[in-house]
Amino acid sequence: MLDFEKTGGLVPAIVQDDETGEVLMLAYVNEEAWEKTLSSGKAHYWSRSRKELWLKGATSGHLQEVRAIHVDCDLDTVLLKVHQKGGAACHEGYSSCFYRKVDDGELKTTGTIVFDPKDVYHS
């Protein structure tokens with residue numbers, strides 16, 4: 001269904017809140033993550049930094065329940081519409097990974113912190 005060969009094995013996944021339309025994050029899926037997402041209904045990704053399959057929320061409890069999947073015309077990008085458990089998709093504690101905005105040439109925080117990462121990630 002997806003053209004993993006064209007993209008070197010990883011396909012970008014845009015993740016959007018199914019109720020508000022807010023873009024929560026961008027991640028990547030390989031074939032294994034794609035199959036796990038389809039079979040479980042929970043978002044799975046490929047961690048490029050850890051080089052391993054990653055169930056979103058496995059550590060934090062902030063799972064993403066997939067409500068709809070859209071695939072682009074080239075079959076090389078997916079849009080996951082999800083219900084974000086716990087209200088935060090970002091490992092920095094914000095609802096969205098896009099919590100900063102460029103304003104007059106400066107980076108400004110516009111998001112609201114939902115949780116303290118030190119309380120969730122004990123590494």
# chains A, B, ... in the order shown; residues from 1 in each chain; ligands from 1
$ residues_around --residues "Ile14 of chain A" --least-positions-apart "4" --cutoff "8 Å" --atoms "only C-alpha atoms" --output "ChimeraX atom specification"
/A:23-27,77-80
$ residues_around --residues "Leu63 of chain A" --least-positions-apart "3" --cutoff "9 Å" --atoms "only C-alpha atoms" --output "list in words"
Lys42, Ala43, Leu55, Lys56, Gly57, Ala58, Ser60, His83, Gln84, Lys85, Gly86 and Ala89 of chain A
$ residues_around --residues "Glu35 of chain A" --least-positions-apart "3" --cutoff "12 Å" --atoms "only C-alpha atoms" --output "list in words"
Met1, Leu2, Val29, Asn30, Glu31, Glu32, Leu38, Ser39, Ser40, Gly41, Lys42, Ala43, His44, Tyr45, Trp46 and Leu53 of chain A
$ select_by_dssp --residues "chain A" --states "helix (DSSP H, G or I)" --output "PyMOL selection string"
chain A and resi 31-40+85-87+117-120
$ write_last_selection --atoms "all heavy atoms" --output "CSV table (one decimal), in the first residue's frame"
chain,number,residue,atom,x,y,z
A,31,GLU,N,8.1,-0.5,7.4
A,31,GLU,CA,7.0,-1.5,7.1
A,31,GLU,C,6.5,-2.1,8.4
A,31,GLU,O,5.3,-2.4,8.6
A,31,GLU,CB,7.5,-2.5,6.1
A,31,GLU,CG,7.6,-2.0,4.7
A,31,GLU,CD,7.9,-3.0,3.7
A,31,GLU,OE1,7.0,-3.9,3.5
A,31,GLU,OE2,9.0,-3.0,3.1
A,32,GLU,N,7.4,-2.4,9.3
A,32,GLU,CA,7.0,-3.1,10.6
A,32,GLU,C,6.1,-2.1,11.4
A,32,GLU,O,5.1,-2.6,11.9
A,32,GLU,CB,8.3,-3.5,11.4
A,32,GLU,CG,7.9,-4.2,12.7
A,32,GLU,CD,9.1,-4.5,13.5
A,32,GLU,OE1,10.3,-4.0,13.2
A,32,GLU,OE2,9.0,-5.3,14.5
A,33,ALA,N,6.5,-0.9,11.5
A,33,ALA,CA,5.7,0.1,12.3
A,33,ALA,C,4.3,0.3,11.6
A,33,ALA,O,3.3,0.4,12.3
A,33,ALA,CB,6.4,1.4,12.4
A,34,TRP,N,4.3,0.3,10.3
A,34,TRP,CA,3.1,0.4,9.5
A,34,TRP,C,2.1,-0.8,9.8
A,34,TRP,O,0.9,-0.6,10.1
A,34,TRP,CB,3.4,0.5,8.0
A,34,TRP,CG,2.2,0.5,7.1
A,34,TRP,CD1,1.9,-0.4,6.2
A,34,TRP,CD2,1.3,1.6,7.0
A,34,TRP,NE1,0.8,0.0,5.5
A,34,TRP,CE2,0.4,1.2,5.9
A,34,TRP,CE3,1.0,2.8,7.6
A,34,TRP,CZ2,-0.7,1.9,5.5
A,34,TRP,CZ3,-0.1,3.6,7.2
A,34,TRP,CH2,-0.9,3.1,6.2
A,35,GLU,N,2.7,-2.0,9.7
A,35,GLU,CA,1.8,-3.2,10.0
A,35,GLU,C,1.3,-3.2,11.4
A,35,GLU,O,0.2,-3.6,11.7
A,35,GLU,CB,2.6,-4.4,9.7
A,35,GLU,CG,3.0,-4.6,8.2
A,35,GLU,CD,1.7,-4.7,7.3
A,35,GLU,OE1,0.7,-5.2,7.7
A,35,GLU,OE2,1.8,-4.2,6.2
A,36,LYS,N,2.2,-2.8,12.4
A,36,LYS,CA,1.8,-2.8,13.8
A,36,LYS,C,0.7,-1.8,14.0
A,36,LYS,O,-0.3,-2.0,14.8
A,36,LYS,CB,2.9,-2.5,14.7
A,36,LYS,CG,3.9,-3.6,14.9
A,36,LYS,CD,3.6,-4.4,16.1
A,36,LYS,CE,4.7,-5.3,16.5
A,36,LYS,NZ,4.4,-6.2,17.5
A,37,THR,N,0.8,-0.6,13.4
A,37,THR,CA,-0.2,0.4,13.5
A,37,THR,C,-1.6,-0.1,12.9
A,37,THR,O,-2.6,0.1,13.6
A,37,THR,CB,0.2,1.7,12.8
A,37,THR,OG1,1.4,2.2,13.4
A,37,THR,CG2,-0.9,2.8,12.8
A,38,LEU,N,-1.5,-0.7,11.8
A,38,LEU,CA,-2.7,-1.2,11.1
A,38,LEU,C,-3.4,-2.3,12.0
A,38,LEU,O,-4.6,-2.3,12.1
A,38,LEU,CB,-2.4,-1.7,9.7
A,38,LEU,CG,-2.0,-0.7,8.7
A,38,LEU,CD1,-1.6,-1.4,7.4
A,38,LEU,CD2,-3.1,0.3,8.5
A,39,SER,N,-2.6,-3.2,12.5
A,39,SER,CA,-3.1,-4.3,13.3
A,39,SER,C,-3.6,-4.0,14.7
A,39,SER,O,-4.5,-4.6,15.2
A,39,SER,CB,-2.1,-5.5,13.3
A,39,SER,OG,-1.0,-5.2,14.1
A,40,SER,N,-2.9,-3.0,15.3
A,40,SER,CA,-3.3,-2.7,16.7
A,40,SER,C,-4.2,-1.5,16.9
A,40,SER,O,-4.8,-1.4,17.9
A,40,SER,CB,-2.0,-2.4,17.5
A,40,SER,OG,-1.4,-1.2,17.1
A,85,LYS,N,-4.0,10.2,24.0
A,85,LYS,CA,-4.2,10.0,25.4
A,85,LYS,C,-3.3,10.9,26.2
A,85,LYS,O,-2.1,11.1,25.8
A,85,LYS,CB,-3.9,8.5,25.7
A,85,LYS,CG,-4.7,7.5,24.9
A,85,LYS,CD,-6.1,7.5,25.4
A,85,LYS,CE,-6.4,6.3,26.2
A,85,LYS,NZ,-7.7,6.2,26.8
A,86,GLY,N,-3.7,11.4,27.3
A,86,GLY,CA,-2.9,12.1,28.2
A,86,GLY,C,-2.7,13.6,27.8
A,86,GLY,O,-2.1,14.3,28.5
A,87,GLY,N,-3.2,14.0,26.6
A,87,GLY,CA,-3.2,15.3,26.2
A,87,GLY,C,-1.8,15.8,25.7
A,87,GLY,O,-1.7,17.0,25.4
A,117,PRO,N,8.5,16.5,31.9
A,117,PRO,CA,9.2,15.3,31.3
A,117,PRO,C,10.0,14.5,32.4
A,117,PRO,O,10.1,13.3,32.3
A,117,PRO,CB,10.1,15.8,30.2
A,117,PRO,CG,9.5,17.1,29.8
A,117,PRO,CD,8.8,17.6,31.1
A,118,LYS,N,10.6,15.2,33.4
A,118,LYS,CA,11.3,14.6,34.4
A,118,LYS,C,10.5,13.6,35.3
A,118,LYS,O,11.0,12.7,35.8
A,118,LYS,CB,12.0,15.6,35.3
A,118,LYS,CG,13.1,16.4,34.7
A,118,LYS,CD,13.7,17.4,35.6
A,118,LYS,CE,13.0,18.6,35.3
A,118,LYS,NZ,13.2,19.8,36.0
A,119,ASP,N,9.2,13.9,35.4
A,119,ASP,CA,8.3,13.1,36.1
A,119,ASP,C,7.8,11.8,35.3
A,119,ASP,O,7.4,10.8,35.9
A,119,ASP,CB,7.0,13.8,36.5
A,119,ASP,CG,7.3,15.0,37.5
A,119,ASP,OD1,8.3,14.9,38.2
A,119,ASP,OD2,6.5,15.9,37.5
A,120,VAL,N,8.0,11.9,34.0
A,120,VAL,CA,7.5,10.8,33.1
A,120,VAL,C,8.7,9.9,32.6
A,120,VAL,O,8.6,8.7,32.6
A,120,VAL,CB,6.8,11.4,31.9
A,120,VAL,CG1,6.4,10.3,30.9
A,120,VAL,CG2,5.5,12.1,32.4
$ atom_distance --atom1 "atom CA of Ala13 of chain A" --atom2 "atom CA of Ile69 of chain A"
9.8 Å
$ residues_around --residues "segment 96-101 of chain A" --least-positions-apart "4" --cutoff "10 Å" --atoms "only C-alpha atoms" --output "ChimeraX atom specification"
/A:15-17,22-26,87-92,105-114
$ write_last_selection --atoms "C-alpha atoms" --output "compact mmCIF listing (two decimals), in the first residue's frame"
# COMPACT_ATOMS: atom_id res chain seq x y z
CA VAL A 15 0.11 13.12 13.13
CA GLN A 16 -2.98 15.23 13.72
CA ASP A 17 -5.48 15.43 16.58
CA GLU A 22 -3.90 20.42 15.54
CA VAL A 23 -0.72 18.95 14.04
CA LEU A 24 0.86 17.03 16.92
CA MET A 25 4.07 15.68 15.45
CA LEU A 26 5.97 14.31 12.49
CA GLY A 87 -3.16 15.34 26.20
CA ALA A 88 0.50 15.48 25.14
CA ALA A 89 2.30 14.17 22.07
CA CYS A 90 5.63 15.90 22.67
CA HIS A 91 8.35 14.34 24.83
CA GLU A 92 9.08 17.89 26.06
CA GLY A 105 12.93 36.41 13.57
CA GLU A 106 12.89 34.96 17.10
CA LEU A 107 11.77 31.58 18.36
CA LYS A 108 8.96 31.93 20.89
CA THR A 109 7.17 29.27 22.91
CA THR A 110 3.45 29.39 22.17
CA GLY A 111 2.33 26.03 23.57
CA THR A 112 1.26 25.18 27.07
CA ILE A 113 3.16 22.56 29.04
CA VAL A 114 0.99 19.54 29.90
$ select_by_dssp --residues "chain A" --states "strand (DSSP E or B)" --output "PDB file with C-alpha atoms, in the first residue's frame"
ATOM      1  CA  VAL A  11       7.795   7.059   5.186  1.00  0.00           C
ATOM      2  CA  PRO A  12       6.943  10.349   6.950  1.00  0.00           C
ATOM      3  CA  ALA A  13       3.852  10.268   9.140  1.00  0.00           C
ATOM      4  CA  ILE A  14       2.112  13.526   9.925  1.00  0.00           C
ATOM      5  CA  VAL A  15       0.110  13.122  13.130  1.00  0.00           C
ATOM      6  CA  GLN A  16      -2.976  15.229  13.717  1.00  0.00           C
ATOM      7  CA  ASP A  17      -5.483  15.434  16.583  1.00  0.00           C
ATOM      8  CA  VAL A  23      -0.723  18.945  14.040  1.00  0.00           C
ATOM      9  CA  LEU A  24       0.860  17.027  16.917  1.00  0.00           C
ATOM     10  CA  MET A  25       4.070  15.682  15.446  1.00  0.00           C
ATOM     11  CA  LEU A  26       5.967  14.308  12.489  1.00  0.00           C
ATOM     12  CA  ALA A  27       7.486  10.851  12.757  1.00  0.00           C
ATOM     13  CA  TYR A  28       8.566   8.045  10.438  1.00  0.00           C
ATOM     14  CA  VAL A  29       7.198   4.581   9.822  1.00  0.00           C
ATOM     15  CA  LYS A  42      -2.218   2.334  18.070  1.00  0.00           C
ATOM     16  CA  HIS A  44       3.843   2.784  16.025  1.00  0.00           C
ATOM     17  CA  TYR A  45       6.873   4.514  14.535  1.00  0.00           C
ATOM     18  CA  TRP A  46      10.493   3.866  13.691  1.00  0.00           C
ATOM     19  CA  SER A  47      12.893   5.749  15.954  1.00  0.00           C
ATOM     20  CA  GLU A  52      14.080   0.576  16.901  1.00  0.00           C
ATOM     21  CA  LEU A  53      10.347   0.159  16.652  1.00  0.00           C
ATOM     22  CA  TRP A  54       8.526   2.557  18.943  1.00  0.00           C
ATOM     23  CA  LEU A  55       4.971   2.384  20.280  1.00  0.00           C
ATOM     24  CA  GLN A  64      -2.104   7.539  20.204  1.00  0.00           C
ATOM     25  CA  GLU A  65      -5.292   5.729  19.218  1.00  0.00           C
ATOM     26  CA  VAL A  66      -5.571   5.868  15.439  1.00  0.00           C
ATOM     27  CA  ARG A  67      -8.965   7.073  14.262  1.00  0.00           C
ATOM     28  CA  ALA A  68      -8.244   7.528  10.535  1.00  0.00           C
ATOM     29  CA  ILE A  69      -5.363   7.032   8.116  1.00  0.00           C
ATOM     30  CA  HIS A  70      -4.899   9.007   4.922  1.00  0.00           C
ATOM     31  CA  VAL A  71      -2.225   8.271   2.316  1.00  0.00           C
ATOM     32  CA  VAL A  78       0.749   9.186   5.680  1.00  0.00           C
ATOM     33  CA  LEU A  79      -1.522  11.346   7.772  1.00  0.00           C
ATOM     34  CA  LEU A  80      -2.613   9.724  11.022  1.00  0.00           C
ATOM     35  CA  LYS A  81      -5.607  11.258  12.738  1.00  0.00           C
ATOM     36  CA  VAL A  82      -5.384  10.187  16.362  1.00  0.00           C
ATOM     37  CA  HIS A  83      -6.926  10.487  19.772  1.00  0.00           C
ATOM     38  CA  GLN A  84      -3.981  11.579  21.927  1.00  0.00           C
ATOM     39  CA  TYR A  94       3.650  19.934  25.282  1.00  0.00           C
ATOM     40  CA  ARG A 100       7.348  27.099  19.152  1.00  0.00           C
ATOM     41  CA  LYS A 101       6.752  29.800  16.584  1.00  0.00           C
ATOM     42  CA  VAL A 102       9.087  32.107  14.684  1.00  0.00           C
ATOM     43  CA  ASP A 103       7.967  35.647  15.499  1.00  0.00           C
ATOM     44  CA  GLU A 106      12.890  34.958  17.097  1.00  0.00           C
ATOM     45  CA  LEU A 107      11.768  31.584  18.356  1.00  0.00           C
ATOM     46  CA  LYS A 108       8.964  31.932  20.891  1.00  0.00           C
ATOM     47  CA  THR A 109       7.166  29.270  22.909  1.00  0.00           C
ATOM     48  CA  ILE A 113       3.157  22.560  29.045  1.00  0.00           C
TER      49      ILE A 113
END
